[in-house]
Structure formats: C-alpha cells, structure tokens
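File shown: work.tsv (TSV, C-alpha atoms).
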```tsv
chain	number	residue	atom	x	y	z
A	13	MET	CA	68.65	-2.03	-56.86
A	14	LEU	CA	68.45	0.08	-60.01
A	15	VAL	CA	71.11	-1.10	-62.45
A	16	GLY	CA	72.13	0.80	-65.58
A	17	LEU	CA	73.44	-0.97	-68.70
A	18	ILE	CA	75.24	0.71	-71.61
A	19	GLN	CA	75.42	-1.26	-74.86
A	20	GLN	CA	77.52	0.85	-77.23
A	21	HIS	CA	78.88	0.69	-80.79
A	22	ASN	CA	82.49	1.84	-80.68
A	23	THR	CA	84.58	3.74	-83.22
A	24	THR	CA	88.30	4.29	-83.70
A	25	ASP	CA	88.02	7.54	-81.71
A	26	ILE	CA	88.87	6.50	-78.15
A	27	ASP	CA	88.21	9.93	-76.66
A	28	SER	CA	84.78	10.01	-78.27
A	29	ASN	CA	83.97	6.52	-76.99
A	30	ARG	CA	84.85	7.59	-73.45
A	31	LEU	CA	82.93	10.84	-73.60
A	32	ARG	CA	79.83	9.12	-74.97
A	33	LEU	CA	80.01	6.57	-72.16
A	34	ALA	CA	80.40	9.31	-69.55
A	35	GLU	CA	77.35	11.15	-70.85
A	36	LYS	CA	75.29	7.95	-70.83
A	37	VAL	CA	76.39	7.18	-67.26
A	38	ARG	CA	75.15	10.61	-66.22
A	39	GLN	CA	71.86	10.06	-68.05
A	40	LEU	CA	71.28	6.72	-66.33
A	41	ALA	CA	72.17	8.24	-62.97
A	42	SER	CA	69.53	10.93	-63.56
A	43	GLN	CA	67.04	8.06	-64.04
A	44	GLY	CA	67.95	6.62	-60.65
A	45	ALA	CA	70.68	4.11	-61.51
A	46	GLN	CA	72.78	3.15	-58.49
A	47	LEU	CA	75.09	0.79	-60.40
A	48	VAL	CA	76.19	1.17	-64.04
A	49	VAL	CA	77.90	-1.62	-65.99
A	50	LEU	CA	79.94	-1.01	-69.16
A	51	GLN	CA	80.86	-3.52	-71.87
A	52	GLU	CA	84.19	-5.29	-72.23
A	53	LEU	CA	87.16	-3.19	-73.47
A	54	HIS	CA	84.81	-0.28	-73.93
A	55	ASP	CA	87.37	2.41	-74.77
A	56	SER	CA	88.41	1.16	-78.21
A	57	LEU	CA	87.52	-1.16	-81.02
A	58	TYR	CA	87.92	-4.86	-80.20
A	59	PHE	CA	91.59	-5.05	-81.21
A	60	CYS	CA	91.99	-8.81	-80.64
A	61	GLN	CA	90.80	-9.64	-84.17
A	62	VAL	CA	94.47	-9.52	-85.17
A	63	GLU	CA	97.84	-10.18	-83.57
A	64	THR	CA	100.12	-7.16	-83.76
A	65	VAL	CA	102.48	-5.76	-81.15
A	66	ASP	CA	101.41	-2.22	-82.08
A	67	ASN	CA	98.10	-2.84	-80.31
A	68	PHE	CA	99.91	-2.95	-76.97
A	69	ASP	CA	100.03	0.84	-77.31
A	70	LEU	CA	96.33	0.77	-76.42
A	71	ALA	CA	97.07	-0.56	-72.92
A	72	VAL	CA	96.83	1.87	-70.00
A	73	SER	CA	98.02	2.14	-66.45
A	74	ILE	CA	95.23	1.53	-63.97
A	75	ASP	CA	96.93	3.43	-61.17
A	76	LEU	CA	94.38	5.83	-59.72
A	77	GLU	CA	96.61	8.75	-60.66
A	78	SER	CA	96.63	7.69	-64.32
A	79	PRO	CA	94.47	9.69	-66.77
A	80	VAL	CA	92.11	6.84	-67.66
A	81	ALA	CA	91.48	5.62	-64.11
A	82	SER	CA	91.08	9.23	-62.95
A	83	PHE	CA	88.56	9.84	-65.74
A	84	TYR	CA	86.30	6.95	-64.77
A	85	SER	CA	86.74	7.69	-61.07
A	86	SER	CA	85.46	11.20	-61.67
A	87	VAL	CA	82.55	9.91	-63.77
A	88	ALA	CA	81.46	7.61	-60.93
A	89	ARG	CA	81.86	10.36	-58.35
A	90	GLU	CA	80.05	13.05	-60.33
A	91	ALA	CA	77.18	10.71	-61.24
A	92	GLY	CA	77.04	9.20	-57.75
A	93	VAL	CA	77.00	5.62	-59.06
A	94	VAL	CA	79.00	2.45	-58.62
A	95	LEU	CA	80.69	2.00	-61.99
A	96	VAL	CA	81.98	-1.28	-63.48
A	97	THR	CA	84.61	-0.63	-66.17
A	98	SER	CA	86.67	-2.90	-68.44
A	99	LEU	CA	90.17	-1.82	-69.46
A	100	PHE	CA	93.32	-3.10	-71.22
A	101	GLU	CA	95.76	-2.95	-68.33
A	102	ARG	CA	99.49	-2.35	-68.77
A	103	ARG	CA	100.86	-3.86	-65.58
A	104	ALA	CA	104.50	-3.75	-66.71
A	105	ALA	CA	106.44	-3.91	-69.96
A	106	GLY	CA	105.36	-7.14	-71.65
A	107	LEU	CA	102.72	-7.90	-68.99
A	108	TYR	CA	99.11	-7.01	-69.76
A	109	HIS	CA	95.69	-7.97	-68.43
A	110	ASN	CA	92.02	-7.62	-69.34
A	111	THR	CA	90.97	-5.86	-66.16
A	112	SER	CA	87.74	-4.61	-64.65
A	113	LEU	CA	88.03	-1.67	-62.27
A	114	VAL	CA	85.03	-1.04	-60.03
A	115	PHE	CA	84.62	2.48	-58.69
A	116	ASP	CA	82.34	3.25	-55.77
A	117	SER	CA	79.88	6.14	-55.87
A	118	ASP	CA	82.40	8.48	-54.22
A	119	GLY	CA	84.95	7.77	-56.95
A	120	SER	CA	87.14	5.54	-54.81
A	121	LEU	CA	88.43	2.26	-56.21
A	122	ALA	CA	86.31	-0.49	-54.66
A	123	GLY	CA	88.34	-3.26	-56.28
A	124	LYS	CA	89.52	-4.87	-59.49
A	125	TYR	CA	89.21	-8.19	-61.28
A	126	ARG	CA	91.58	-9.56	-63.91
A	127	LYS	CA	89.98	-11.84	-66.51
A	128	MET	CA	90.87	-15.45	-65.68
A	129	HIS	CA	89.78	-17.42	-68.76
A	130	ILE	CA	91.49	-16.19	-71.93
A	131	PRO	CA	90.22	-17.41	-75.34
A	132	ASP	CA	92.26	-18.01	-78.47
A	133	ASP	CA	89.95	-18.47	-81.43
A	134	PRO	CA	89.81	-17.04	-84.96
A	135	ALA	CA	89.19	-13.28	-84.60
A	136	TYR	CA	89.46	-13.56	-80.80
A	137	TYR	CA	93.24	-13.78	-80.34
A	138	GLU	CA	93.23	-12.77	-76.71
A	139	LYS	CA	96.05	-15.06	-75.54
A	140	PHE	CA	98.41	-12.90	-77.60
A	141	TYR	CA	97.48	-9.88	-75.48
A	142	PHE	CA	96.31	-10.93	-72.02
A	143	THR	CA	97.99	-12.74	-69.17
A	144	PRO	CA	95.44	-14.77	-67.17
A	145	GLY	CA	94.26	-13.05	-64.01
A	146	ASP	CA	95.89	-13.67	-60.65
A	147	LEU	CA	93.33	-12.19	-58.28
A	148	GLY	CA	91.03	-15.19	-58.06
A	149	PHE	CA	87.23	-15.20	-57.97
A	150	LYS	CA	86.61	-12.72	-55.19
A	151	PRO	CA	83.59	-10.39	-55.03
A	152	ILE	CA	84.18	-6.66	-54.84
A	153	THR	CA	82.54	-4.93	-51.89
A	154	THR	CA	80.76	-1.69	-52.82
A	155	SER	CA	78.16	0.61	-51.35
A	156	VAL	CA	75.45	-1.30	-53.25
A	157	GLY	CA	76.61	-4.79	-52.29
A	158	ARG	CA	79.17	-7.50	-53.08
A	159	LEU	CA	79.61	-7.73	-56.84
A	160	GLY	CA	80.88	-10.91	-58.51
A	161	VAL	CA	82.57	-9.28	-61.49
A	162	LEU	CA	83.78	-11.63	-64.23
A	163	VAL	CA	84.62	-10.89	-67.88
A	164	CYS	CA	83.30	-12.36	-71.15
A	165	TRP	CA	84.94	-15.79	-71.70
A	166	ASP	CA	84.57	-16.37	-67.95
A	167	GLN	CA	80.82	-16.53	-68.55
A	168	TRP	CA	81.05	-20.04	-70.03
A	169	TYR	CA	82.55	-21.52	-66.85
A	170	PRO	CA	80.19	-22.59	-64.04
A	171	GLU	CA	83.19	-22.97	-61.73
A	172	ALA	CA	83.86	-19.22	-61.86
A	173	ALA	CA	80.25	-18.32	-61.07
A	174	ARG	CA	80.10	-20.89	-58.27
A	175	LEU	CA	83.29	-19.66	-56.61
A	176	MET	CA	82.03	-16.07	-56.75
A	177	ALA	CA	78.78	-17.20	-55.12
A	178	MET	CA	80.63	-19.22	-52.49
A	179	ASN	CA	82.70	-16.14	-51.69
A	180	GLY	CA	79.53	-14.17	-50.97
A	181	ALA	CA	78.74	-12.44	-54.25
A	182	GLU	CA	75.23	-10.97	-54.32
A	183	MET	CA	75.19	-10.47	-58.09
A	184	LEU	CA	77.15	-11.81	-61.09
A	185	ILE	CA	78.31	-9.21	-63.63
A	186	TYR	CA	79.83	-9.91	-67.05
A	187	PRO	CA	81.24	-7.12	-69.27
A	188	THR	CA	81.34	-8.80	-72.68
A	189	ALA	CA	82.48	-8.58	-76.31
A	190	ILE	CA	81.03	-11.38	-78.43
A	191	GLY	CA	79.49	-11.52	-81.86
A	192	TRP	CA	78.96	-13.30	-85.14
A	193	GLU	CA	81.33	-13.98	-88.01
A	194	SER	CA	79.65	-13.16	-91.31
A	195	SER	CA	80.09	-16.65	-92.77
A	196	ASP	CA	77.96	-18.25	-90.04
A	197	THR	CA	74.49	-19.33	-91.16
A	198	PRO	CA	71.42	-17.76	-89.56
A	199	ASP	CA	70.70	-21.02	-87.73
A	200	GLU	CA	74.25	-21.18	-86.38
A	201	LYS	CA	74.06	-17.56	-85.27
A	202	LYS	CA	70.88	-18.29	-83.35
A	203	ARG	CA	72.42	-21.35	-81.70
A	204	GLN	CA	75.45	-19.37	-80.59
A	205	ARG	CA	73.50	-16.51	-79.06
A	206	ASP	CA	70.98	-18.86	-77.42
A	207	ALA	CA	73.81	-20.91	-75.88
A	208	TRP	CA	75.47	-17.74	-74.59
A	209	MET	CA	72.29	-16.61	-72.88
A	210	THR	CA	71.35	-20.06	-71.64
A	211	VAL	CA	74.64	-20.78	-69.87
A	212	GLN	CA	74.53	-17.47	-68.02
A	213	ARG	CA	70.90	-17.86	-67.04
A	214	GLY	CA	71.99	-21.28	-65.76
A	215	HIS	CA	74.57	-19.58	-63.53
A	216	ALA	CA	71.76	-17.46	-62.13
A	217	VAL	CA	69.67	-20.55	-61.38
A	218	ALA	CA	72.50	-22.69	-60.01
A	219	ASN	CA	73.63	-19.95	-57.62
A	220	GLY	CA	70.35	-18.19	-56.87
A	221	LEU	CA	71.78	-14.84	-57.97
A	222	PRO	CA	70.86	-12.15	-60.50
A	223	VAL	CA	73.12	-11.89	-63.56
A	224	VAL	CA	73.93	-8.68	-65.44
A	225	THR	CA	75.59	-9.06	-68.85
A	226	VAL	CA	76.58	-6.08	-71.02
A	227	ASN	CA	77.79	-6.72	-74.57
A	228	ARG	CA	79.02	-4.36	-77.28
A	229	VAL	CA	77.07	-4.01	-80.53
A	230	GLY	CA	77.68	-3.21	-84.19
A	231	HIS	CA	80.07	-4.33	-86.89
A	232	GLU	CA	83.83	-3.93	-86.45
A	233	PRO	CA	86.03	-4.74	-89.48
A	234	ASP	CA	89.01	-7.07	-89.40
A	235	PRO	CA	92.07	-4.82	-89.95
A	236	SER	CA	93.90	-7.69	-91.66
A	237	GLY	CA	91.10	-8.39	-94.14
A	238	ALA	CA	91.39	-12.11	-93.38
A	239	THR	CA	87.75	-12.21	-92.28
A	240	ASN	CA	84.75	-9.97	-92.77
A	241	GLY	CA	85.02	-8.74	-89.20
A	242	ILE	CA	82.74	-9.28	-86.24
A	243	SER	CA	79.12	-8.19	-85.88
A	244	PHE	CA	78.78	-7.90	-82.13
A	245	TRP	CA	75.34	-9.16	-81.23
A	246	GLY	CA	74.42	-6.85	-78.38
A	247	SER	CA	71.59	-8.63	-76.56
A	248	SER	CA	72.75	-7.32	-73.18
A	249	PHE	CA	70.45	-8.75	-70.54
A	250	VAL	CA	69.54	-9.04	-66.91
A	251	ALA	CA	68.32	-12.30	-65.40
A	252	GLY	CA	66.85	-12.87	-61.96
A	253	PRO	CA	67.90	-15.63	-59.53
A	254	GLN	CA	65.63	-18.18	-61.21
A	255	GLY	CA	67.05	-17.33	-64.63
A	256	GLU	CA	64.02	-15.22	-65.48
A	257	LEU	CA	64.71	-12.51	-68.05
A	258	LEU	CA	64.18	-9.04	-66.60
A	259	TYR	CA	65.57	-7.18	-69.63
A	260	LEU	CA	66.92	-7.98	-73.09
A	261	ALA	CA	68.54	-5.37	-75.35
A	262	PRO	CA	68.32	-5.48	-79.16
A	263	ASP	CA	70.94	-7.37	-81.16
A	264	ASN	CA	71.50	-4.60	-83.70
A	265	ALA	CA	71.36	-1.23	-81.93
A	266	GLU	CA	72.83	0.70	-79.05
A	267	ALA	CA	70.88	0.67	-75.81
A	268	GLU	CA	70.98	2.36	-72.43
A	269	THR	CA	68.49	1.41	-69.78
A	270	VAL	CA	67.85	1.12	-66.05
A	271	VAL	CA	66.61	-2.23	-64.74
A	272	GLU	CA	65.18	-2.79	-61.28
A	273	ILE	CA	66.46	-5.91	-59.51
A	274	ASP	CA	64.88	-7.18	-56.30
A	275	MET	CA	68.00	-8.01	-54.33
A	276	LYS	CA	65.97	-9.63	-51.54
A	277	ARG	CA	64.59	-12.25	-53.91
A	278	SER	CA	67.79	-14.33	-53.84
A	279	GLU	CA	67.22	-15.13	-50.18
A	280	GLN	CA	63.79	-16.63	-50.87
A	281	VAL	CA	64.88	-18.45	-54.04
A	282	ARG	CA	67.73	-20.09	-52.14
A	283	ARG	CA	65.26	-21.24	-49.48
A	284	TRP	CA	63.15	-22.92	-52.17
A	285	TRP	CA	66.13	-24.35	-54.01
A	286	PRO	CA	68.94	-24.88	-51.45
A	287	PHE	CA	71.58	-25.97	-53.92
A	288	LEU	CA	74.43	-24.82	-51.69
A	289	ARG	CA	73.08	-27.00	-48.86
A	290	ASP	CA	72.91	-30.13	-50.98
A	291	ARG	CA	76.28	-29.92	-52.70
A	292	ARG	CA	78.29	-33.14	-52.20
A	293	ILE	CA	81.57	-31.36	-51.66
A	294	GLU	CA	83.33	-34.52	-50.48
A	295	ALA	CA	82.90	-35.98	-53.98
A	296	TYR	CA	84.10	-33.02	-56.04
A	297	GLY	CA	87.88	-33.31	-55.63
A	298	ASP	CA	88.44	-34.35	-59.25
A	299	LEU	CA	87.16	-30.98	-60.45
A	300	THR	CA	90.68	-29.67	-59.97
A	301	LYS	CA	91.96	-32.06	-62.65
A	302	ARG	CA	92.13	-31.08	-66.31
A	303	PHE	CA	90.37	-34.31	-67.37
A	304	ILE	CA	89.60	-37.67	-65.76
A	305	ASP	CA	91.26	-40.27	-67.99
```
Can you dump the structure from the file as structure tokens?
Amino acid sequence: MLVGLIQQHNTTDIDSNRLRLAEKVRQLASQGAQLVVLQELHDSLYFCQVETVDNFDLAVSIDLESPVASFYSSVAREAGVVLVTSLFERRAAGLYHNTSLVFDSDGSLAGKYRKMHIPDDPAYYEKFYFTPGDLGFKPITTSVGRLGVLVCWDQWYPEAARLMAMNGAEMLIYPTAIGWESSDTPDEKKRQRDAWMTVQRGHAVANGLPVVTVNRVGHEPDPSGATNGISFWGSSFVAGPQGELLYLAPDNAEAETVVEIDMKRSEQVRRWWPFLRDRRIEAYGDLTKRFID
C-alpha cells in the first residue's frame, strides 16, 4: 500500500490550513498514495494549551451534510484516496469529542473513532474539552483494508493497540499533536521523543502490524503567556511489523511524503513470532483493574 503523510505547521487561519491540506492530499494522490493520514486537530492551532470556554466555538458538527465533513469528503473523493482526518467534534451542547473521521476513496464515510484516552497535563488540558470516546477499539473497514485508527495519547497504551489488533486491524494509525516545552533540557527532549517512538514501534512488534504516526510541527505560542508555548516535534514516521523504521520526517519542518508498506509482510512476521497464539488469556483478568493492591 502507498500511504501519504502530511506533517504541517498550522496558523490561526483555519480556512488556509484546510486548503493547504487539501492541496497536499491532491499532490500525494498524484504520486500514487492510496491512503492519506492527517495530524491531530489539523484544522486549527492546538487550542488545548489553555482552558477557555470560547474555544468550544472551534468545534464542528461531523454530520456528513455539515460544511467541514462535506469538505473532507469531497477532498477524498476528488483525490481518490482513503483519508484519515482528526476533528474537534460538537456532538451536542456541552458534549465534545476528539474525533477521527475516515473517508473512503469515493467520499463516503467509512467510519469514525473518538479518542479514548484523554490527557490533562500542563499545556495539554484536553480533559477540559473532550469527553472520552464511546465507540471502543474497533477497526474501520475501507477499500484499502481494516484501519486501527487511534489518536495521540492513545499511542502510549498497549491495551488499545492490542484490542485493535484482536479486532482485525491490518494497520495502526495515530494522528498526533505532541511537542516540547521550551524549558526542557536537550537531553530531556531527546528522552521524550525517543520514548514516544519506542512505545509505538513496540506496538508494531507486539501485534505484527505496521504503524503510521503523523504529528504536527512548528512552534505554537501559549495564548495565556503562562508558558513559552509548544514546539511540536514533527518526526512523523512509519514502522513495519517488526518495528523497523520505513520513514522518519524531520523534527523542525513540514513534510509530505508517500511511503510504501508491504501489507503482506504482517502474515509472515506473525508466523515467525506468533504472539497472539501464545497469549495466556486465562491469566489476564486483572488487566481490567485500575491497580492490583
């Protein structure tokens, strides 16, 4: 499969962000991309650096008749690609989600995923905005295969990746928004990014599946001035089913590329390393507990 990744630096101009993404999707499609993955909350700046009710105005309806969903549906249809988006969903007054819509190559809605794990850390105040997802860890069936779409903070949880794999996902996909705070030392920055890549490559290994991760890039200021903002570290990457790196984007610049993934390789890797066969499922009941005291 030929997979397109778009690592973009966003501005305050939402219309411009969308139009730039649409043009890049078309460019990648002209290079043969069958699937294109966008970064987390790609329409706007990362607004979760602060807690303010005014930011709920950024949320959109994801009904297919709504302007935003119709826009991305038409982009997928015109480019002839499966398109993985990431939107701030207004489900009802006072009820919002961090939601990925996946459009098939004919523009139809193949499915959606609502982010399950919601962080609440300095400059990442997502619990203020997002209700945890209620759709479970279910792959989305598309014309290019069954996609295990998860979102950002989900990428730290092996349980989420495992359940997607057990439900028949053929690929794990993570739209992402993560970066450095300026006060972190260079060594700490390296440790953070290395850990982020390592855990996801581990999901690839543990499940025998390719992983596609698309992060945003560039500095975005903190509107409150309480911090120096976030420098999103880019580094979008694709890993194969043994965790091997197939592509790594720069940490300081936009990037658009098409990466070839051998989708048949997972079958052979799982024959060599039959982790699903050897799982001791009768001993895992305590995993549903918060902690074993």
Report task. Calculate how many Å separate CA of Ala181 in chain A from CA of Tyr296 in chain A, rounding to one decimal. Result ->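 Between CA of Ala181 in chain A and CA of Tyr296 in chain A the gap is 21.3 Å.
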Requested in this report: Can you work out which one of A:Asp116, A:Asp146, A:Glu232, A:Asp27 has the shortest atom-to-atom distance to Ala88 in chain A, counting all atoms listed in the file?
Outcome: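 Answer, going by the shortest atom-to-atom distance: A:Asp116.
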How would you write as a short mmCIF file (atom, residue, chain, number, x, y, z; two decimals) with C-alpha atoms, keeping the file's coordinate frame the residues that get within 8 Å of (85.6, -6.7, -68.7) in the file's frame, counting all atoms listed in the file?
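This went into selection02.cif:
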```
data_model
loop_
_atom_site.label_atom_id
_atom_site.label_comp_id
_atom_site.auth_asym_id
_atom_site.auth_seq_id
_atom_site.Cartn_x
_atom_site.Cartn_y
_atom_site.Cartn_z
CA GLN A 51 80.86 -3.52 -71.87
CA GLU A 52 84.19 -5.29 -72.23
CA LEU A 53 87.16 -3.19 -73.47
CA THR A 97 84.61 -0.63 -66.17
CA SER A 98 86.67 -2.90 -68.44
CA LEU A 99 90.17 -1.82 -69.46
CA ASN A 110 92.02 -7.62 -69.34
CA THR A 111 90.97 -5.86 -66.16
CA SER A 112 87.74 -4.61 -64.65
CA LYS A 127 89.98 -11.84 -66.51
CA LEU A 162 83.78 -11.63 -64.23
CA VAL A 163 84.62 -10.89 -67.88
CA CYS A 164 83.30 -12.36 -71.15
CA TYR A 186 79.83 -9.91 -67.05
CA PRO A 187 81.24 -7.12 -69.27
CA THR A 188 81.34 -8.80 -72.68
#
```
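With distances restricted to all atoms listed in the file, A:Ala122 is the closest residue to Ser155 in chain A from A:Val37, A:Ala135, A:Leu184, A:Ala122.
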With 5 Å of padding per side, what axis-aligned box (centre and edge lengths, Å, one decimal) covers all the listed atoms of range 145-161 of chain A? Give it as lines of an AutoDock Vina configuration file.
```
center_x = 85.7
center_y = -7.3
center_z = -57.7
size_x = 30.4
size_y = 25.8
size_z = 22.7
```
Pull the closest atom pair for each residue of range 90-186 of chain A that gets at most 10 Å from range 284-292 of chain A, along with the distance in Å to one decimal, counting all atoms listed in the file, ordering rows by chain and then ascending residue number, as JSON lines.
```
{"residue": "A:Arg174", "atom": "CA", "partner": "A:Leu288", "partner_atom": "CA", "distance": 9.5}
{"residue": "A:Ala177", "atom": "CA", "partner": "A:Leu288", "partner_atom": "CA", "distance": 9.4}
{"residue": "A:Met178", "atom": "CA", "partner": "A:Leu288", "partner_atom": "CA", "distance": 8.4}
```
Would you save the residues from that selection as a CSV table (one decimal), in the coordinates of the input, using C-alpha atoms?
```
chain,number,residue,atom,x,y,z
A,174,ARG,CA,80.1,-20.9,-58.3
A,177,ALA,CA,78.8,-17.2,-55.1
A,178,MET,CA,80.6,-19.2,-52.5
```
Do you have, as a tab-separated table, the list of residues of range 20-95 of chain A lying at most 12 Å from range 100-103 of chain A, each with its nearest atom pair and that distance in Å to one decimal, counting only C-alpha atoms and ordered by chain then number?
```
residue	atom	partner	partner_atom	distance
A:Glu52	CA	A:Phe100	CA	9.4
A:Leu53	CA	A:Phe100	CA	6.6
A:His54	CA	A:Phe100	CA	9.4
A:Asp55	CA	A:Phe100	CA	8.9
A:Ser56	CA	A:Phe100	CA	9.5
A:Leu57	CA	A:Phe100	CA	11.6
A:Tyr58	CA	A:Phe100	CA	10.6
A:Phe59	CA	A:Phe100	CA	10.3
A:Cys60	CA	A:Phe100	CA	11.1
A:Asn67	CA	A:Phe100	CA	10.3
A:Phe68	CA	A:Arg102	CA	8.2
A:Asp69	CA	A:Arg102	CA	9.1
A:Leu70	CA	A:Phe100	CA	7.1
A:Ala71	CA	A:Phe100	CA	4.8
A:Val72	CA	A:Arg102	CA	5.1
A:Ser73	CA	A:Arg102	CA	5.3
A:Ile74	CA	A:Glu101	CA	6.3
A:Asp75	CA	A:Arg103	CA	9.4
A:Ser78	CA	A:Arg102	CA	11.3
A:Val80	CA	A:Glu101	CA	10.5
A:Ala81	CA	A:Glu101	CA	10.5
```
